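These notes concern the structure reproduced below.
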Amino acid sequence: MYAAVGTSFYYGNIGLLIAGRVAEVVSGKSWQQLFKEKIALPCKMNYTEYAFGGLQMLAGSVTSTAADYMNFLQMIMHRGVFEGTLVLTEEAINEMEKSQTKGIS
């Protein structure tokens with residue numbers, strides 16, 4: 001099923017896979033390593049990891065604890081800062097919270 005660009009939304013994770021691969025190539029690191037360095041460690045998410053290796057499971061394969069997830073949510077609530085450490089910019093948080101499909105049926 002296809003529609004004109006900008007008129008419909010169909011869920012899929014291909015965008016995440018492409019973004020993840022670009023991040024790997026640019027950084028020279030695996031997605032798992034990037035996630036650990038950039039999100040998990042600064043947010044003290046000590047028991048959060050990808051259940052499967054490789055990008056094929058980028059979407060939906062994170063395992064975590066309630067406490068770790070609470071740390072992530074606190075970082076979001078504090079506009080990208082966790083315990084005084086900037087993890088994500090406020091602009092990134094604003095983009096995450098913005099409707100990505102507004103006006104698309």
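Residues are referred to by chain and number: the chain letter is A, B, ... according to the order shown in the structure tokens, the number counts from 1 in that chain, and ligands are numbered separately from 1 in the order shown.
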Problem - Backbone DSSP call of helix (DSSP H, G or I) for chain A, listed as a PyMOL selection string - result: chain A and resi 14-27+31-40+55-57+66-77+90-97
Go ahead and write the residues just picked, C-alpha atoms, as a compact mmCIF listing (two decimals), in the first residue's frame.
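What landed in selection33.txt:
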```txt
# COMPACT_ATOMS: atom_id res chain seq x y z
CA ILE A 14 13.69 1.23 8.37
CA GLY A 15 14.33 4.89 9.29
CA LEU A 16 15.82 3.80 12.61
CA LEU A 17 17.99 1.21 10.90
CA ILE A 18 19.33 3.78 8.43
CA ALA A 19 19.98 6.36 11.16
CA GLY A 20 21.69 3.74 13.33
CA ARG A 21 23.94 2.62 10.48
CA VAL A 22 24.87 6.22 9.63
CA ALA A 23 25.79 6.78 13.30
CA GLU A 24 27.95 3.64 13.25
CA VAL A 25 29.80 4.65 10.08
CA VAL A 26 30.36 8.25 11.20
CA SER A 27 31.54 7.27 14.69
CA TRP A 31 25.20 1.09 17.84
CA GLN A 32 25.32 -0.76 21.16
CA GLN A 33 28.57 1.00 22.10
CA LEU A 34 27.17 4.40 21.09
CA PHE A 35 23.99 3.84 23.11
CA LYS A 36 26.01 2.80 26.14
CA GLU A 37 28.39 5.77 25.94
CA LYS A 38 25.89 8.47 25.01
CA ILE A 39 22.73 7.44 26.89
CA ALA A 40 23.08 4.48 29.27
CA LEU A 55 21.29 -3.18 13.89
CA GLN A 56 18.64 -5.63 12.74
CA MET A 57 16.99 -5.33 16.15
CA ALA A 66 12.16 -0.05 35.96
CA ALA A 67 14.83 1.93 37.85
CA ASP A 68 16.95 2.39 34.72
CA TYR A 69 13.94 3.44 32.68
CA MET A 70 13.01 5.93 35.42
CA ASN A 71 16.48 7.48 35.03
CA PHE A 72 15.86 7.85 31.29
CA LEU A 73 12.46 9.44 31.93
CA GLN A 74 13.98 11.83 34.48
CA MET A 75 16.49 12.92 31.85
CA ILE A 76 13.62 13.58 29.42
CA MET A 77 11.64 15.42 32.12
CA GLU A 90 16.85 20.57 24.70
CA GLU A 91 16.36 20.83 20.94
CA ALA A 92 16.64 17.03 20.68
CA ILE A 93 14.08 16.60 23.46
CA ASN A 94 11.72 19.05 21.75
CA GLU A 95 12.03 17.11 18.49
CA MET A 96 11.36 13.80 20.30
CA GLU A 97 8.21 15.23 21.86
```
Exercise for the section: Would you please extract all strand (DSSP E) residues from region 25-82 of chain A, as assigned by DSSP on the backbone, and give them as an NGL selection string? Expected result: :A and (49-50 or 62-63 or 81-82)
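CA of Val62 (chain A) to CA of Asn46 (chain A) spans 12.7 Å [interatomic distance, one decimal].
A straight line drawn from CA of Gly103 (chain A) to CA of Thr7 (chain A) is 7.9 Å long.
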